[in-house]
$ cat model_1.txt   # compact mmCIF, C-alpha atoms
# COMPACT_ATOMS: atom_id res chain seq x y z
CA MET A 1 0.00 0.00 0.00
CA LEU A 2 1.36 3.38 -0.98
CA THR A 3 0.20 6.74 0.32
CA VAL A 4 0.57 9.78 -1.90
CA PRO A 5 1.73 12.80 0.14
CA GLY A 6 -0.15 16.08 0.16
CA VAL A 7 -3.56 14.63 -0.62
CA ALA A 8 -4.54 12.97 2.65
CA LYS A 9 -7.96 14.65 2.56
CA ALA A 10 -8.76 13.55 -0.98
CA SER A 11 -12.22 12.09 -1.37
CA THR A 12 -13.37 8.86 -2.95
CA SER A 13 -14.45 10.90 -5.97
CA LEU A 14 -10.81 11.90 -6.55
CA SER A 15 -9.67 8.28 -6.64
CA GLY A 16 -12.49 7.59 -9.09
CA ARG A 17 -11.38 10.42 -11.37
CA LEU A 18 -7.79 9.22 -11.26
CA ASN A 19 -8.84 5.66 -12.10
CA ARG A 20 -10.75 7.02 -15.10
CA LYS A 21 -8.27 9.58 -16.39
CA CYS A 22 -4.75 9.00 -15.05
CA PHE A 23 -2.40 7.15 -17.40
CA CYS A 24 0.86 8.78 -16.31
CA ILE A 25 2.14 5.99 -14.08
CA THR A 26 3.29 2.85 -15.86
CA LEU A 27 5.08 -0.29 -14.88
CA ASP A 28 8.80 -0.32 -15.53
CA ARG A 29 8.90 -3.87 -16.83
CA THR A 30 12.64 -3.83 -17.35
CA ALA A 31 13.15 -2.98 -13.69
CA LEU A 32 10.58 -5.57 -12.62
CA TRP A 33 12.13 -8.34 -14.72
CA ALA A 34 15.58 -7.48 -13.34
CA ALA A 35 14.21 -7.53 -9.80
CA LEU A 36 12.51 -10.87 -10.37
CA ASP A 37 15.72 -12.39 -11.74
CA ARG A 38 17.68 -10.97 -8.81
CA GLU A 39 15.26 -12.06 -6.09
CA ALA A 40 14.72 -15.47 -7.66
CA GLY A 41 18.47 -15.96 -7.74
CA GLU A 42 18.17 -17.38 -11.24
CA PRO A 43 19.49 -15.45 -14.27
CA GLY A 44 16.97 -15.75 -17.08
CA PHE A 45 14.16 -16.58 -14.64
CA CYS A 46 11.82 -14.04 -16.26
CA GLU A 47 12.78 -14.97 -19.80
CA THR A 48 11.84 -18.55 -19.00
CA LEU A 49 8.64 -17.97 -17.06
CA MET A 50 7.16 -14.57 -17.84
CA ALA A 51 6.84 -14.99 -21.61
CA SER A 52 4.01 -17.44 -20.95
CA ARG A 53 2.40 -15.02 -18.48
CA PRO A 54 2.05 -11.79 -20.47
CA HIS A 55 -0.99 -10.60 -18.52
CA LEU A 56 0.25 -11.30 -15.01
CA PHE A 57 0.96 -7.59 -14.35
CA SER A 58 -0.95 -4.53 -15.51
CA ASN A 59 0.92 -1.40 -16.60
CA VAL A 60 -1.01 0.93 -14.29
CA PRO A 61 -1.76 1.22 -10.57
CA VAL A 62 -5.19 1.50 -9.01
CA PHE A 63 -6.03 4.57 -6.90
CA LEU A 64 -7.91 3.95 -3.67
CA ALA A 65 -9.31 6.49 -1.23
CA ALA A 66 -7.99 6.09 2.29
CA SER A 67 -11.59 6.00 3.52
CA ALA A 68 -12.31 3.01 1.24
CA LEU A 69 -9.27 1.14 2.55
CA ASP A 70 -10.39 1.87 6.10
CA GLU A 71 -13.86 0.54 5.28
CA MET A 72 -12.39 -2.70 3.96
CA GLN A 73 -10.16 -3.10 7.02
CA ARG A 74 -13.17 -2.63 9.27
CA ILE A 75 -14.98 -5.45 7.45
CA VAL A 76 -11.95 -7.71 7.87
CA VAL A 77 -11.83 -7.01 11.60
CA ALA A 78 -15.57 -7.72 11.93
CA ILE A 79 -15.25 -11.07 10.16
CA GLU A 80 -12.28 -12.06 12.28
CA ARG A 81 -14.22 -11.06 15.39
CA THR A 82 -17.22 -13.11 14.26
CA ALA A 83 -15.04 -16.17 13.66
CA LYS A 84 -14.12 -16.17 17.36
CA LEU A 85 -17.73 -16.39 18.57
CA PRO A 86 -18.50 -19.88 19.94
CA ALA A 87 -21.99 -20.00 18.41
CA TYR A 88 -20.71 -19.01 14.97
CA ARG A 89 -17.88 -21.53 15.13
CA GLU A 90 -20.27 -24.28 16.15
CA THR A 91 -22.56 -23.49 13.21
CA VAL A 92 -19.95 -23.33 10.46
CA LEU A 93 -18.13 -26.39 11.76
CA SER A 94 -21.42 -28.30 11.71
CA TRP A 95 -21.26 -28.40 7.90
CA ALA A 96 -17.49 -28.77 7.71
CA PRO A 97 -15.79 -32.16 7.19
CA GLU A 98 -14.27 -34.12 10.03
CA ILE A 99 -10.70 -33.07 9.21
CA ALA A 100 -11.63 -29.42 9.82
CA GLN A 101 -12.98 -29.89 13.32
CA ARG A 102 -9.73 -29.81 15.29
CA ASP A 103 -7.98 -26.51 15.95
CA PHE A 104 -4.20 -26.96 16.09
CA GLY A 105 -3.59 -23.25 16.68
CA PRO A 106 -2.52 -21.66 13.36
CA VAL A 107 -4.89 -18.94 12.13
CA GLY A 108 -3.92 -19.08 8.44
CA ALA A 109 -1.00 -17.51 6.59
CA LEU A 110 -1.73 -14.80 4.01
CA MET A 111 -5.49 -14.73 4.03
CA GLY A 112 -7.09 -12.89 1.12
CA TYR A 113 -10.16 -10.68 1.41
CA ASP A 114 -11.53 -9.73 -2.02
CA PHE A 115 -13.61 -6.58 -2.54
CA HIS A 116 -15.54 -4.80 -5.24
CA LEU A 117 -15.86 -1.04 -4.88
CA ASP A 118 -18.76 0.92 -6.31
CA ASP A 119 -20.65 4.12 -5.49
CA ASP A 120 -22.12 2.42 -2.41
CA GLY A 121 -18.71 1.59 -0.95
CA ALA A 122 -16.68 -1.57 -0.49
CA LYS A 123 -18.39 -4.94 -0.89
CA LEU A 124 -16.68 -8.10 0.27
CA ILE A 125 -17.08 -10.78 -2.40
CA GLU A 126 -15.23 -13.68 -0.81
CA VAL A 127 -12.50 -14.78 1.57
CA ASN A 128 -9.60 -16.99 0.49
CA THR A 129 -7.31 -19.04 2.71
CA ASN A 130 -4.72 -19.70 0.01
CA ALA A 131 -4.74 -16.29 -1.63
CA GLY A 132 -2.12 -16.05 -4.36
CA GLY A 133 -0.06 -13.11 -5.49
CA ALA A 134 1.21 -11.47 -2.30
CA PHE A 135 4.92 -11.98 -2.99
CA LEU A 136 4.53 -10.88 -6.60
CA ASN A 137 2.58 -7.79 -5.61
CA ALA A 138 5.12 -6.77 -3.00
CA LEU A 139 7.78 -6.79 -5.71
CA LEU A 140 5.46 -5.11 -8.23
CA ALA A 141 4.89 -2.14 -5.92
CA ARG A 142 8.63 -1.53 -5.76
CA ALA A 143 9.03 -1.63 -9.55
CA GLN A 144 6.50 1.06 -10.44
CA LYS A 145 7.79 4.07 -12.40
CA ALA A 146 6.11 7.44 -11.95
CA CYS A 147 6.02 10.50 -14.15
CA CYS A 148 4.58 12.67 -11.40
CA SER A 149 7.21 13.80 -8.90
CA GLU A 150 4.83 13.71 -5.92
CA VAL A 151 3.82 10.14 -6.65
CA ASP A 152 7.43 9.20 -7.35
CA ARG A 153 8.41 10.38 -3.87
CA ALA A 154 5.60 8.27 -2.43
CA LEU A 155 6.81 5.23 -4.34
CA ILE A 156 10.37 5.71 -3.15
CA GLY A 157 9.18 6.04 0.42
CA ALA A 158 7.29 2.78 0.16
CA ARG A 159 10.09 0.62 -1.18
CA ASP A 160 11.28 -0.35 2.28
CA ASP A 161 7.88 -1.48 3.48
CA HIS A 162 7.15 -3.94 6.23
CA PHE A 163 5.94 -6.82 4.05
CA GLU A 164 9.06 -8.97 4.21
CA THR A 165 9.56 -8.73 7.95
CA SER A 166 5.83 -9.25 8.51
CA VAL A 167 5.91 -12.46 6.47
CA ILE A 168 8.76 -13.88 8.56
CA ALA A 169 6.95 -12.90 11.76
CA MET A 170 3.79 -14.52 10.39
CA PHE A 171 5.37 -17.92 9.80
CA GLU A 172 7.11 -17.80 13.18
CA SER A 173 3.79 -16.93 14.82
CA GLU A 174 2.03 -19.84 13.09
CA TRP A 175 4.75 -22.14 14.38
CA ARG A 176 4.47 -20.90 17.97
CA ARG A 177 0.66 -21.11 17.93
CA GLN A 178 1.02 -24.87 17.49
CA ARG A 179 4.41 -25.65 19.02
CA GLY A 180 4.57 -23.04 21.78
CA ALA A 181 8.15 -21.86 21.28
CA GLY A 182 11.06 -21.79 18.86
CA SER A 183 11.01 -21.40 15.07
CA PRO A 184 10.58 -23.72 12.11
CA ARG A 185 13.86 -25.00 10.69
CA ARG A 186 12.58 -26.04 7.28
CA ILE A 187 9.48 -24.82 5.42
CA ALA A 188 8.02 -26.46 2.34
CA ILE A 189 5.90 -24.43 -0.09
CA VAL A 190 3.53 -27.09 -1.40
CA ASP A 191 1.15 -27.36 -4.33
CA ASP A 192 0.21 -29.91 -6.97
CA ARG A 193 2.92 -29.90 -9.66
CA PRO A 194 4.07 -26.44 -8.50
CA GLU A 195 6.22 -25.70 -11.55
CA GLU A 196 3.10 -25.97 -13.73
CA GLN A 197 1.10 -23.48 -11.67
CA TYR A 198 0.47 -20.04 -13.13
CA LEU A 199 1.73 -18.37 -9.96
CA TYR A 200 4.84 -20.55 -9.68
CA PRO A 201 7.10 -17.45 -9.91
CA GLU A 202 5.84 -16.33 -6.52
CA PHE A 203 6.65 -19.71 -4.97
CA VAL A 204 10.24 -18.98 -5.94
CA LEU A 205 10.05 -15.49 -4.42
CA ALA A 206 8.61 -16.91 -1.19
CA ARG A 207 11.37 -19.52 -0.98
CA GLN A 208 14.08 -16.91 -1.52
CA LEU A 209 12.58 -14.58 1.07
CA LEU A 210 12.68 -17.36 3.67
CA LEU A 211 16.23 -18.30 2.74
CA ARG A 212 17.37 -14.69 3.15
CA HIS A 213 16.15 -14.82 6.72
CA GLY A 214 17.96 -18.01 7.60
CA ILE A 215 15.05 -20.42 7.23
CA GLU A 216 15.62 -23.47 5.05
CA ALA A 217 12.92 -23.52 2.40
CA THR A 218 11.96 -25.69 -0.54
CA ILE A 219 9.17 -25.93 -3.13
CA GLY A 220 7.50 -29.31 -3.36
CA ASN A 221 4.85 -31.38 -5.08
CA ALA A 222 2.33 -32.54 -2.47
CA SER A 223 2.29 -36.04 -3.97
CA GLU A 224 6.01 -36.42 -3.22
CA LEU A 225 5.65 -35.88 0.53
CA LYS A 226 6.36 -38.94 2.68
CA TYR A 227 5.11 -39.55 6.21
CA ASP A 228 6.54 -42.22 8.47
CA SER A 229 7.68 -42.58 12.07
CA GLY A 230 5.89 -39.34 12.94
CA ARG A 231 7.92 -37.26 10.49
CA LEU A 232 6.88 -35.55 7.28
CA ARG A 233 9.64 -35.53 4.67
CA LEU A 234 10.27 -34.17 1.22
CA ASP A 235 13.22 -35.47 -0.76
CA GLY A 236 14.43 -37.14 2.42
CA GLN A 237 14.47 -33.91 4.43
CA GLU A 238 12.22 -33.41 7.44
CA ILE A 239 9.63 -30.65 7.04
CA ASP A 240 8.57 -28.61 10.07
CA LEU A 241 6.02 -26.29 8.47
CA VAL A 242 4.08 -26.46 5.21
CA TYR A 243 2.95 -23.26 3.49
CA ASN A 244 -0.12 -24.76 1.86
CA ARG A 245 -1.11 -23.61 -1.63
CA LEU A 246 -3.32 -26.59 -2.45
CA VAL A 247 -6.93 -26.09 -3.52
CA ASP A 248 -7.84 -29.48 -2.05
CA PHE A 249 -8.98 -27.72 1.10
CA THR A 250 -9.88 -30.94 2.95
CA LEU A 251 -6.86 -32.97 1.76
CA ASP A 252 -9.17 -35.66 0.42
CA ARG A 253 -7.30 -36.57 -2.74
CA PRO A 254 -5.21 -39.76 -2.64
CA GLU A 255 -2.04 -37.92 -3.62
CA HIS A 256 -2.37 -35.80 -0.47
CA ALA A 257 -2.60 -38.76 1.93
CA ALA A 258 0.83 -38.18 3.50
CA LEU A 259 0.12 -34.51 4.23
CA ARG A 260 -3.34 -35.39 5.55
CA ALA A 261 -1.97 -37.98 7.95
CA ALA A 262 0.82 -35.73 9.21
CA TYR A 263 -1.63 -32.87 9.73
CA GLN A 264 -4.14 -35.02 11.61
CA ASP A 265 -1.37 -36.35 13.85
CA GLY A 266 -0.10 -32.86 14.58
CA ALA A 267 3.26 -33.89 13.14
CA VAL A 268 3.55 -30.82 10.92
CA VAL A 269 2.43 -27.22 11.18
CA LEU A 270 0.15 -26.68 8.17
CA THR A 271 -0.88 -23.16 7.22
CA PRO A 272 -3.45 -22.42 6.01
CA ASN A 273 -5.21 -25.63 7.00
CA PRO A 274 -8.68 -27.25 6.76
CA HIS A 275 -9.79 -25.67 10.04
CA ASN A 276 -8.90 -22.18 8.79
CA HIS A 277 -10.81 -22.82 5.56
CA ALA A 278 -13.90 -24.01 7.43
CA LEU A 279 -13.96 -20.91 9.65
CA PHE A 280 -13.28 -18.30 7.00
CA SER A 281 -13.49 -19.45 3.40
CA SER A 282 -16.37 -21.86 2.99
CA LYS A 283 -18.73 -19.95 0.72
CA ARG A 284 -21.67 -21.17 2.78
CA ASN A 285 -20.34 -19.02 5.64
CA LEU A 286 -21.33 -15.95 3.63
CA THR A 287 -24.99 -16.87 4.21
CA LEU A 288 -24.37 -16.16 7.91
CA LEU A 289 -22.00 -13.23 7.59
CA SER A 290 -24.53 -11.39 5.41
CA ASP A 291 -27.52 -12.17 7.69
CA PRO A 292 -27.98 -9.51 10.42
CA ALA A 293 -30.44 -11.69 12.38
CA ALA A 294 -28.02 -14.62 12.47
CA LEU A 295 -25.16 -12.36 13.53
CA GLU A 296 -27.25 -10.91 16.34
CA ALA A 297 -28.16 -14.41 17.50
CA PHE A 298 -24.47 -15.32 17.58
CA GLY A 299 -23.85 -12.39 19.93
CA LEU A 300 -22.01 -10.06 17.56
CA SER A 301 -22.10 -6.45 18.71
CA PRO A 302 -24.23 -3.88 16.84
CA GLU A 303 -21.11 -2.02 15.68
CA MET A 304 -19.60 -5.16 14.16
CA ARG A 305 -22.92 -6.11 12.57
CA SER A 306 -23.10 -2.70 10.91
CA ARG A 307 -19.67 -3.23 9.38
CA LEU A 308 -20.78 -6.52 7.83
CA ALA A 309 -23.47 -4.69 5.87
CA GLY A 310 -20.63 -4.52 3.35
CA ILE A 311 -21.16 -8.20 2.50
CA PRO A 312 -23.76 -8.72 -0.27
CA ARG A 313 -26.70 -10.85 0.88
CA THR A 314 -25.91 -14.48 0.18
CA THR A 315 -28.28 -17.44 0.34
CA LEU A 316 -27.97 -21.19 -0.12
CA VAL A 317 -29.57 -22.53 -3.30
CA THR A 318 -31.65 -25.66 -2.72
CA PRO A 319 -34.12 -27.62 -4.88
CA ASP A 320 -36.88 -26.11 -2.73
CA ASN A 321 -35.99 -22.45 -3.39
CA SER A 322 -34.48 -22.79 -6.87
CA ASP A 323 -37.64 -21.57 -8.63
CA ALA A 324 -37.55 -18.32 -6.64
CA ALA A 325 -33.82 -18.00 -7.24
CA TRP A 326 -34.42 -18.34 -10.98
CA GLN A 327 -36.83 -15.40 -10.90
CA PHE A 328 -34.20 -13.13 -9.33
CA ARG A 329 -31.17 -14.62 -11.08
CA LYS A 330 -30.33 -11.45 -13.06
CA ASP A 331 -29.35 -9.69 -9.84
CA MET A 332 -27.25 -12.57 -8.52
CA PHE A 333 -23.91 -14.32 -8.83
CA PHE A 334 -23.92 -18.09 -8.34
CA LYS A 335 -20.89 -19.75 -6.74
CA PRO A 336 -20.29 -23.44 -5.99
CA LEU A 337 -19.75 -24.36 -2.35
CA SER A 338 -16.67 -26.39 -3.23
CA GLY A 339 -15.31 -24.10 -5.94
CA HIS A 340 -12.10 -22.11 -6.12
CA GLY A 341 -10.41 -19.66 -8.44
CA SER A 342 -13.67 -18.47 -10.05
CA LYS A 343 -14.31 -21.94 -11.49
CA ALA A 344 -18.00 -22.72 -12.18
CA VAL A 345 -18.99 -19.19 -11.09
CA TYR A 346 -21.91 -17.76 -13.06
CA ARG A 347 -23.42 -14.33 -13.40
CA GLY A 348 -27.18 -14.78 -13.21
CA ASP A 349 -28.10 -12.81 -16.31
CA LYS A 350 -25.86 -15.09 -18.40
CA VAL A 351 -26.92 -18.47 -16.98
CA THR A 352 -28.22 -20.94 -19.55
CA LYS A 353 -31.02 -23.41 -18.86
CA GLY A 354 -28.51 -26.25 -18.89
CA VAL A 355 -26.29 -24.61 -16.29
CA TRP A 356 -29.30 -23.67 -14.21
CA ALA A 357 -30.36 -27.33 -13.99
CA GLU A 358 -27.03 -28.03 -12.29
CA ILE A 359 -27.31 -25.03 -9.94
CA ALA A 360 -30.90 -25.90 -9.00
CA ARG A 361 -29.82 -29.31 -7.68
CA GLY A 362 -27.99 -27.51 -4.87
CA GLY A 363 -24.38 -27.07 -3.88
CA TYR A 364 -24.37 -23.36 -4.80
CA VAL A 365 -24.83 -20.04 -3.06
CA ALA A 366 -26.55 -17.06 -4.65
CA GLN A 367 -24.84 -13.77 -3.87
CA ALA A 368 -26.42 -10.39 -4.59
CA PHE A 369 -24.54 -8.81 -7.48
CA ALA A 370 -21.99 -6.18 -6.47
CA SER A 371 -20.57 -4.35 -9.45
CA PRO A 372 -16.78 -4.22 -9.68
CA GLY A 373 -14.92 -0.95 -9.88
CA GLN A 374 -13.41 0.30 -13.11
CA ARG A 375 -9.94 1.38 -14.15
CA MET A 376 -9.26 2.96 -17.52
CA ILE A 377 -6.06 1.89 -19.24
CA GLU A 378 -4.49 2.57 -22.62
CA ILE A 379 -4.22 -0.11 -25.28
CA ASP A 380 -2.31 0.95 -28.40
CA GLY A 381 -2.80 4.58 -27.40
CA ALA A 382 -6.58 4.31 -27.01
CA PRO A 383 -8.40 4.33 -23.64
CA ALA A 384 -10.09 1.07 -22.66
CA PRO A 385 -12.05 0.10 -19.53
CA ARG A 386 -11.09 -2.75 -17.23
CA LYS A 387 -12.98 -4.14 -14.27
CA MET A 388 -11.11 -4.18 -11.00
CA ASP A 389 -11.23 -5.76 -7.59
CA VAL A 390 -9.05 -5.14 -4.54
CA ARG A 391 -7.51 -7.86 -2.40
CA LEU A 392 -6.27 -7.34 1.14
CA TYR A 393 -3.64 -9.84 2.18
CA THR A 394 -3.90 -10.27 5.93
CA TYR A 395 -2.61 -12.23 8.88
CA ASP A 396 -4.64 -12.53 12.08
CA GLY A 397 -6.81 -9.62 10.96
CA GLN A 398 -3.89 -7.29 10.19
CA VAL A 399 -3.38 -6.04 6.64
CA LEU A 400 0.04 -6.91 5.21
CA LEU A 401 -0.51 -5.69 1.66
CA ALA A 402 -3.21 -4.37 -0.66
CA ALA A 403 -3.28 -5.10 -4.38
CA ALA A 404 -5.74 -4.87 -7.25
CA ARG A 405 -6.58 -7.10 -10.19
CA LEU A 406 -7.76 -5.76 -13.55
CA TYR A 407 -9.73 -7.93 -15.95
CA GLN A 408 -12.52 -8.35 -18.47
CA GLY A 409 -15.33 -10.90 -18.38
CA GLN A 410 -17.19 -12.34 -15.41
CA THR A 411 -14.20 -12.91 -13.12
CA THR A 412 -10.47 -12.32 -12.81
CA ASN A 413 -8.60 -14.48 -15.28
CA PHE A 414 -5.10 -13.11 -16.07
CA ARG A 415 -5.92 -13.41 -19.75
CA THR A 416 -6.94 -9.79 -20.36
CA PRO A 417 -4.65 -7.49 -22.40
CA GLY A 418 -3.69 -4.65 -20.08
CA GLY A 419 -4.99 -6.62 -17.10
CA GLY A 420 -3.37 -8.50 -14.24
CA PHE A 421 -2.12 -7.54 -10.81
CA ALA A 422 -1.85 -3.80 -10.15
CA PRO A 423 -0.40 -1.99 -7.12
CA VAL A 424 -2.71 0.12 -4.97
CA LEU A 425 -1.97 3.81 -4.37
CA VAL A 426 -3.87 5.11 -1.34
CA ILE A 427 -4.79 8.80 -1.57

$ encode --input "model_1.txt" --output "structure tokens"
Amino acid sequence: MLTVPGVAKASTSLSGRLNRKCFCITLDRTALWAALDREAGEPGFCETLMASRPHLFSNVPVFLAASALDEMQRIVVAIERTAKLPAYRETVLSWAPEIAQRDFGPVGALMGYDFHLDDDGAKLIEVNTNAGGAFLNALLARAQKACCSEVDRALIGARDDHFETSVIAMFESEWRRQRGAGSPRRIAIVDDRPEEQYLYPEFVLARQLLLRHGIEATIGNASELKYDSGRLRLDGQEIDLVYNRLVDFTLDRPEHAALRAAYQDGAVVLTPNPHNHALFSSKRNLTLLSDPAALEAFGLSPEMRSRLAGIPRTTLVTPDNSDAAWQFRKDMFFKPLSGHGSKAVYRGDKVTKGVWAEIARGGYVAQAFASPGQRMIEIDGAPAPRKMDVRLYTYDGQVLLAAARLYQGQTTNFRTPGGGFAPVLVI
């Protein structure tokens, strides 16, 4: 997050005007590529990996009013407060799988809270326990090039931000929450076939960050983990903590059996883990977080309930209410309970009869449509609109980084010319 000096009292309308009309700040890709190569510790890293990811980074930043950022932070705090209420926890865990029931202590590394911003303010769209992009966005913010001297000074002042030290403190905190004392000796960053993942470059950045701070770190394929004699190992080396980037949130797949067993035995610190996902990221939870009566029954204070008005009303779709949901579909977004990464997400006014038959069987939530914000960019010298959302990367309710994503279509996709991750400038 970057704060532009001299405009602390700027209104939301100013940030809107800048997002529509300001094209003067562009990404210095040469500097970014050099920084990626340097931080990855691999000459030619970008040449190898970034050519296949041309829309990972946008050329422009997104302007955000300080009041809007504050509104989003207040929603995050209210959700985190709600997740500590015994009655809420009992309810959301009642529909969670068995593996999610036990709390080993960790609260979830690098949570992601995703927002749309319109004329009515910030609207929380969803919460992610394995939010991608934080390490890339931290580097992106440092590589921005400004034509405006005031903004340039703000960018320079932000280059030594707290992200790196906060990340180290985060992993150490996750360790202590489960183990009580000390620090992890070796951390594995784990996904399925990590080198094939679109965000693989950030796995490398995360590994190098940990190594710089004296923590042994490796990137691993979850299927190659081995568990025996109470020890989780990767390539023969014992793993103390796993930074979990899997989208198998309940570790049900056969190839994740070793990690599942080690987690259930408490033999490894896993973050984020199935318990974190059940408390925060199950889409069904949004049906409670957007229901004032339910929140009151759980014992949430009036002030916190008022903050959660920023969550669009969300309801569970069932065969019994599907006819009514069909009537109001044009004002809704439909999301699968078990989905991730915008897969099988449908905007109601574009749903076909065939897709609706699947939704009507259940397993979906219907969320009131919240329009995304808009950022104008230039493509071949001509202005072009892009939708935008804002993600807050957090740990234990504290914001570590804010970033935006620009896109076309129904959801973020990293396939849009001029789209991709964009740094946030707070005015």

$ closest_residue --input "model_1.txt" --among "A:Arg361, A:Leu400, A:Gln327, A:Phe115" --to "A:Gly348" --atoms "only C-alpha atoms"
A:Gln327

$ atom_distance --input "model_1.txt" --atom1 "atom CA of A:Val92" --atom2 "atom CA of A:Thr411"
26.4 Å

$ closest_residue --input "model_1.txt" --among "A:Val317, A:Leu210, A:Ala222, A:Leu27" --to "A:Gly362" --atoms "all atoms listed in the file"
A:Val317

$ residues_around --input "model_1.txt" --residues "stretch 202-207 of chain A" --least-positions-apart "3" --cutoff "7 Å" --atoms "only C-alpha atoms" --output "PyMOL selection string"
chain A and resi 39-40+133+135-136+189+199+210-211+217-219

$ closest_residue --input "model_1.txt" --among "A:Leu110, A:Ile79, A:Val424, A:Leu406" --to "A:Ser166" --atoms "only C-alpha atoms"
A:Leu110

$ residues_around --input "model_1.txt" --residues "A:Asn285" --least-positions-apart "5" --cutoff "10 Å" --atoms "all atoms listed in the file" --output "ChimeraX atom specification"
/A:88,91-93,95,126-127,278-280,290,314-316,337,365

$ residues_near_point --input "model_1.txt" --point "(-9.1, -24.4, 7.6)" --cutoff "9 Å" --atoms "all atoms listed in the file" --output "PyMOL selection string"
chain A and resi 99-101+103+107-108+129+249-250+271-282

$ closest_residue --input "model_1.txt" --among "A:Asn130, A:Arg405, A:Leu286, A:Val426" --to "A:Ala65" --atoms "all atoms listed in the file"
A:Val426

$ residues_around --input "model_1.txt" --residues "A:Glu378" --least-positions-apart "3" --cutoff "10 Å" --atoms "only C-alpha atoms" --output "PyMOL selection string"
chain A and resi 22-23+59-60+381-385+418

$ residues_around --input "model_1.txt" --residues "A:Arg233" --least-positions-apart "6" --cutoff "12 Å" --atoms "only C-alpha atoms" --output "VMD selection string"
chain A and resid 186 to 188 218 220 to 227 239 to 242 258 to 259 262 267 to 268

$ write_last_selection --input "model_1.txt" --atoms "C-alpha atoms" --output "mmCIF file, in the coordinates of the input"
data_model
loop_
_atom_site.group_PDB
_atom_site.id
_atom_site.type_symbol
_atom_site.label_atom_id
_atom_site.label_comp_id
_atom_site.auth_asym_id
_atom_site.auth_seq_id
_atom_site.Cartn_x
_atom_site.Cartn_y
_atom_site.Cartn_z
ATOM 1 C CA ARG A 186 12.580 -26.040 7.280
ATOM 2 C CA ILE A 187 9.480 -24.820 5.420
ATOM 3 C CA ALA A 188 8.020 -26.460 2.340
ATOM 4 C CA THR A 218 11.960 -25.690 -0.540
ATOM 5 C CA GLY A 220 7.500 -29.310 -3.360
ATOM 6 C CA ASN A 221 4.850 -31.380 -5.080
ATOM 7 C CA ALA A 222 2.330 -32.540 -2.470
ATOM 8 C CA SER A 223 2.290 -36.040 -3.970
ATOM 9 C CA GLU A 224 6.010 -36.420 -3.220
ATOM 10 C CA LEU A 225 5.650 -35.880 0.530
ATOM 11 C CA LYS A 226 6.360 -38.940 2.680
ATOM 12 C CA TYR A 227 5.110 -39.550 6.210
ATOM 13 C CA ILE A 239 9.630 -30.650 7.040
ATOM 14 C CA ASP A 240 8.570 -28.610 10.070
ATOM 15 C CA LEU A 241 6.020 -26.290 8.470
ATOM 16 C CA VAL A 242 4.080 -26.460 5.210
ATOM 17 C CA ALA A 258 0.830 -38.180 3.500
ATOM 18 C CA LEU A 259 0.120 -34.510 4.230
ATOM 19 C CA ALA A 262 0.820 -35.730 9.210
ATOM 20 C CA ALA A 267 3.260 -33.890 13.140
ATOM 21 C CA VAL A 268 3.550 -30.820 10.920
#

$ atom_distance --input "model_1.txt" --atom1 "atom CA of A:Arg212" --atom2 "atom CA of A:Gly397"
25.9 Å

$ closest_residue --input "model_1.txt" --among "A:Asn244, A:Leu36, A:Ala134, A:Leu251" --to "A:Phe163" --atoms "all atoms listed in the file"
A:Ala134

$ axis_aligned_box --input "model_1.txt" --around "stretch 172-187 of chain A" --padding-each-side "6 Å" --output "JSON"
{"center_x": 7.3, "center_y": -21.5, "center_z": 13.6, "size_x": 25.2, "size_y": 21.1, "size_z": 28.4}

$ atom_distance --input "model_1.txt" --atom1 "atom CA of A:His55" --atom2 "atom CA of A:Gly420"
5.3 Å

$ residues_around --input "model_1.txt" --residues "A:Tyr198" --least-positions-apart "5" --cutoff "9 Å" --atoms "all atoms listed in the file" --output "list in words"
Ser52, Arg53 and Leu56 of chain A

$ write_last_selection --input "model_1.txt" --atoms "C-alpha atoms" --output "tab-separated table (two decimals), keeping the file's coordinate frame"
chain	number	residue	atom	x	y	z
A	52	SER	CA	4.01	-17.44	-20.95
A	53	ARG	CA	2.40	-15.02	-18.48
A	56	LEU	CA	0.25	-11.30	-15.01

$ closest_residue --input "model_1.txt" --among "A:Ile311, A:Ala404, A:Met72, A:Leu18" --to "A:Leu289" --atoms "only C-alpha atoms"
A:Ile311
